[in-house]
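Below is one structure; the comments refer to it alone.
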Amino acid sequence: MVIVVGNQKGGCGKTMIATNLAAALAGKGKDVILFDADRQESASKWVAERGEYQSDSPVINIGMGYDNISFTLKDLRKRYEVVVVDAAGRDSDEFRTSAIVADILLIPVKPSKVDVKVLPSFLQIVKQAMFVNDALKVFAFISIAPTHSKNKEIEQAREIIQRISDFTLLDTVIHDRKGFRDAFGDGLGAVECNTDKLAKVEIESLIAEVLNGF
Ligand SMILES: Nc1ncnc2c1ncn2[C@@H]1O[C@H](COP(=O)(O)OP(=O)(O)OP(=O)(O)O)[C@@H](O)[C@H]1O
Ligand SMILES: [Mg+2]
C-alpha cells in the first residue's frame, strides 16, 4: 500500500504526519518504508536521528527519490506492506507522480485563512491525478490546530473544506502539541512517547479512521 502525505502549502505538517504514521505502523508490526520525496530531506533526517539514538524502536527504512518517482513507488509497493511518502510541497513532480500510483492520499490542512484559501488549486491537481488513478482514496484533515477551546478557526476551516471539496474530511483533528515536536526531534513518533498521551491518541485515531483495521 502506498500512502502519500501531500499538500502544496508548506509547513502544514506533512513530514510530521508521514513520520508519525511510519512509526505507528512499524509499532503495529507492519513492514514500513518511509519515502522522502522532498529535497529538504526532513524525513531522512528523522530516520537518521532514530537510527542513531533509538536502537530499541522498530527500524524504519528510508527511500529517497525526486522528479518522477512513480516507477520506484510501484516497485516498493511489492517489497513493503506500507510505503509512506513525504511529498514535497509546491506543485511538485514528486507529488504528481506519487499521486498517480498511490492508494491513499492524506492532505493535512492548517486551520488558517491562508492555508484554506490556497487549497482549491491543490485539489485541482488531485483531481487531475484521479483521471489517471481513479482508485485513489483521498482524505483531508485539520493539522496543527490550536488547542485553545475558544478558537473558532477549526470549525471555520472545516466548513470551508467541506464546501470546496468532494473528498472525505476526517473527524480526527491533529492539534499543535509539544509532544509531536519533542518526539520528532528524538527520531520518534508520538505513539512511542508516553509524555503526551493526547498526541498519541490523535495519531491512533487518524490510523483507525483511514486504515480501518489494517
Ligand atoms: N501537530 C503538530 N504539533 C506541533 N508542531 C507541529 C505539528 N505538526 C508539525 N509541527 C511543526 O510545524 C512545523 C512544520 O511541520 P512539517 O515540517 O511537518 O510541515 P511540512 O508540511 O512537512 O513542511 P514543508 O512544506 O516545509 O515540508 C515543524 O516545525 C513541525 O515540527
Ligand atoms: Mg516536510
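By convention in this document, the chains of the C-alpha cells carry letters A, B, ... by their order, each chain's residues are numbered from 1, and ligands are numbered from 1 in the order they are shown.
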Tell me which protein, DNA and RNA residues are within 12 Å of Asp86 in chain A, counting only C-alpha atoms, leaving out same-chain ones fewer than 3 positions away, and put them as a PDB file with C-alpha atoms, in the first residue's frame.
```pdb
ATOM      1  CA  VAL A   2       1.288   3.467  -0.896  1.00  0.00           C
ATOM      2  CA  ILE A   3       0.180   6.336   1.343  1.00  0.00           C
ATOM      3  CA  VAL A   4       1.145   9.819   0.199  1.00  0.00           C
ATOM      4  CA  VAL A   5       1.055  12.777   2.542  1.00  0.00           C
ATOM      5  CA  GLY A   6       0.758  15.857   0.394  1.00  0.00           C
ATOM      6  CA  ASN A   7      -0.318  19.455   0.184  1.00  0.00           C
ATOM      7  CA  GLN A   8       1.054  22.252  -1.936  1.00  0.00           C
ATOM      8  CA  GLY A  13       2.577  19.119   8.976  1.00  0.00           C
ATOM      9  CA  LYS A  14       3.239  16.740   6.056  1.00  0.00           C
ATOM     10  CA  THR A  15       6.552  15.461   7.399  1.00  0.00           C
ATOM     11  CA  MET A  16       5.190  15.287  10.949  1.00  0.00           C
ATOM     12  CA  ILE A  17       2.299  13.092   9.805  1.00  0.00           C
ATOM     13  CA  ALA A  18       4.420  10.931   7.483  1.00  0.00           C
ATOM     14  CA  THR A  19       6.963  10.146  10.216  1.00  0.00           C
ATOM     15  CA  ASN A  20       4.252   9.531  12.818  1.00  0.00           C
ATOM     16  CA  LEU A  21       2.375   7.184  10.506  1.00  0.00           C
ATOM     17  CA  ALA A  22       5.563   5.276   9.742  1.00  0.00           C
ATOM     18  CA  ILE A  33       9.365   2.205   4.405  1.00  0.00           C
ATOM     19  CA  LEU A  34       9.292   5.964   4.618  1.00  0.00           C
ATOM     20  CA  PHE A  35       9.972   7.572   1.239  1.00  0.00           C
ATOM     21  CA  ASP A  36      11.409  11.070   1.314  1.00  0.00           C
ATOM     22  CA  ALA A  37      10.415  12.873  -1.871  1.00  0.00           C
ATOM     23  CA  ASP A  38      11.327  16.321  -0.645  1.00  0.00           C
ATOM     24  CA  ARG A  39      14.771  17.791  -1.254  1.00  0.00           C
ATOM     25  CA  GLN A  40      14.633  19.383   2.215  1.00  0.00           C
ATOM     26  CA  GLU A  41      15.259  15.822   3.482  1.00  0.00           C
ATOM     27  CA  SER A  42      13.379  16.346   6.768  1.00  0.00           C
ATOM     28  CA  ALA A  43      12.031  12.783   6.855  1.00  0.00           C
ATOM     29  CA  SER A  44      15.503  11.379   6.132  1.00  0.00           C
ATOM     30  CA  TRP A  46      14.281  11.998  11.316  1.00  0.00           C
ATOM     31  CA  ILE A  62      14.146   5.185   4.227  1.00  0.00           C
ATOM     32  CA  GLY A  63      13.967   5.673   0.492  1.00  0.00           C
ATOM     33  CA  MET A  64      14.656   8.891  -1.330  1.00  0.00           C
ATOM     34  CA  GLY A  65      13.788   9.982  -4.827  1.00  0.00           C
ATOM     35  CA  TYR A  66      12.938  13.038  -6.889  1.00  0.00           C
ATOM     36  CA  ILE A  69       9.015   8.634  -8.561  1.00  0.00           C
ATOM     37  CA  VAL A  83       5.169   2.857   1.738  1.00  0.00           C
ATOM     38  CA  GLY A  89       5.222  20.968  -1.146  1.00  0.00           C
ATOM     39  CA  SER A  92       5.951  19.264  -7.449  1.00  0.00           C
ATOM     40  CA  GLU A  94       7.221  14.300  -6.798  1.00  0.00           C
ATOM     41  CA  PHE A  95       3.650  14.871  -5.633  1.00  0.00           C
ATOM     42  CA  SER A  98       3.246   9.733  -6.458  1.00  0.00           C
ATOM     43  CA  ALA A  99      -0.470  10.586  -6.572  1.00  0.00           C
ATOM     44  CA  LEU A 105      -3.649  10.478  -0.203  1.00  0.00           C
ATOM     45  CA  LEU A 106      -3.672  12.287   3.136  1.00  0.00           C
ATOM     46  CA  ILE A 107      -3.963  16.073   2.980  1.00  0.00           C
ATOM     47  CA  PRO A 108      -3.110  17.894   6.193  1.00  0.00           C
TER      48      PRO A 108
END
```
Once DSSP has gone over the backbone, tell me which residues of range 71-178 of chain A are in strand (DSSP E), as number ranges by chain. A: 82-87, 104-109, 137-145, 168-175
Go ahead and save the picked residues with C-alpha atoms, as a tab-separated table (two decimals), in the first residue's frame.
```tsv
chain	number	residue	atom	x	y	z
A	82	VAL	CA	3.32	0.10	3.58
A	83	VAL	CA	5.17	2.86	1.74
A	84	VAL	CA	4.64	6.27	3.36
A	85	VAL	CA	5.61	9.12	1.04
A	86	ASP	CA	6.51	12.56	2.33
A	87	ALA	CA	5.89	14.53	-0.85
A	104	ILE	CA	-4.27	6.75	-0.25
A	105	LEU	CA	-3.65	10.48	-0.20
A	106	LEU	CA	-3.67	12.29	3.14
A	107	ILE	CA	-3.96	16.07	2.98
A	108	PRO	CA	-3.11	17.89	6.19
A	109	VAL	CA	-4.63	21.37	6.26
A	137	LYS	CA	-8.72	7.42	-1.77
A	138	VAL	CA	-8.37	11.00	-0.62
A	139	PHE	CA	-8.72	12.21	2.97
A	140	ALA	CA	-8.24	15.75	4.22
A	141	PHE	CA	-7.86	16.56	7.89
A	142	ILE	CA	-7.10	19.51	10.12
A	143	SER	CA	-3.49	19.64	11.23
A	144	ILE	CA	-1.53	21.79	13.72
A	145	ALA	CA	-4.83	23.01	15.16
A	168	THR	CA	-13.66	12.97	2.89
A	169	LEU	CA	-12.82	15.30	5.75
A	170	LEU	CA	-11.71	13.20	8.70
A	171	ASP	CA	-13.18	13.69	12.17
A	172	THR	CA	-9.68	13.32	13.60
A	173	VAL	CA	-8.00	16.66	14.27
A	174	ILE	CA	-4.25	16.77	14.83
A	175	HIS	CA	-3.54	19.57	17.29
```
Near-Lys200 in chain A list (9 Å; only C-alpha atoms; drop same-chain fewer than 6 positions) as JSON, numbers by chain: {"A": [179, 180, 189, 190, 191, 192, 193, 194]}
Convert the current residue selection to file output with C-alpha atoms, as an mmCIF file, in the first residue's frame.
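Listed below is the output, out_28.cif:
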```
data_model
loop_
_atom_site.group_PDB
_atom_site.id
_atom_site.type_symbol
_atom_site.label_atom_id
_atom_site.label_comp_id
_atom_site.auth_asym_id
_atom_site.auth_seq_id
_atom_site.Cartn_x
_atom_site.Cartn_y
_atom_site.Cartn_z
ATOM 1 C CA GLY A 179 4.616 16.183 22.285
ATOM 2 C CA PHE A 180 4.721 15.981 18.487
ATOM 3 C CA GLY A 189 6.630 9.062 16.675
ATOM 4 C CA ALA A 190 4.125 10.298 19.248
ATOM 5 C CA VAL A 191 2.874 6.729 19.782
ATOM 6 C CA GLU A 192 6.349 5.797 21.018
ATOM 7 C CA CYS A 193 6.461 8.514 23.713
ATOM 8 C CA ASN A 194 4.418 8.447 26.855
#
```
So how far away is CA of Asp182 in chain A from CA of Arg50 in chain A, in Å?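 Between CA of Arg50 in chain A and CA of Asp182 in chain A the gap is 12.8 Å.
You will find CA of Asp166 in chain A at 18.2 Å from CA of Ile100 in chain A.
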Would you list the contacts of Ile154 in chain A as a VMD selection string, taking every protein, DNA or RNA residue within 7 Å and counting only C-alpha atoms, but skipping same-chain residues closer than 2 positions in sequence? chain A and resid 111 145 152 156 to 158
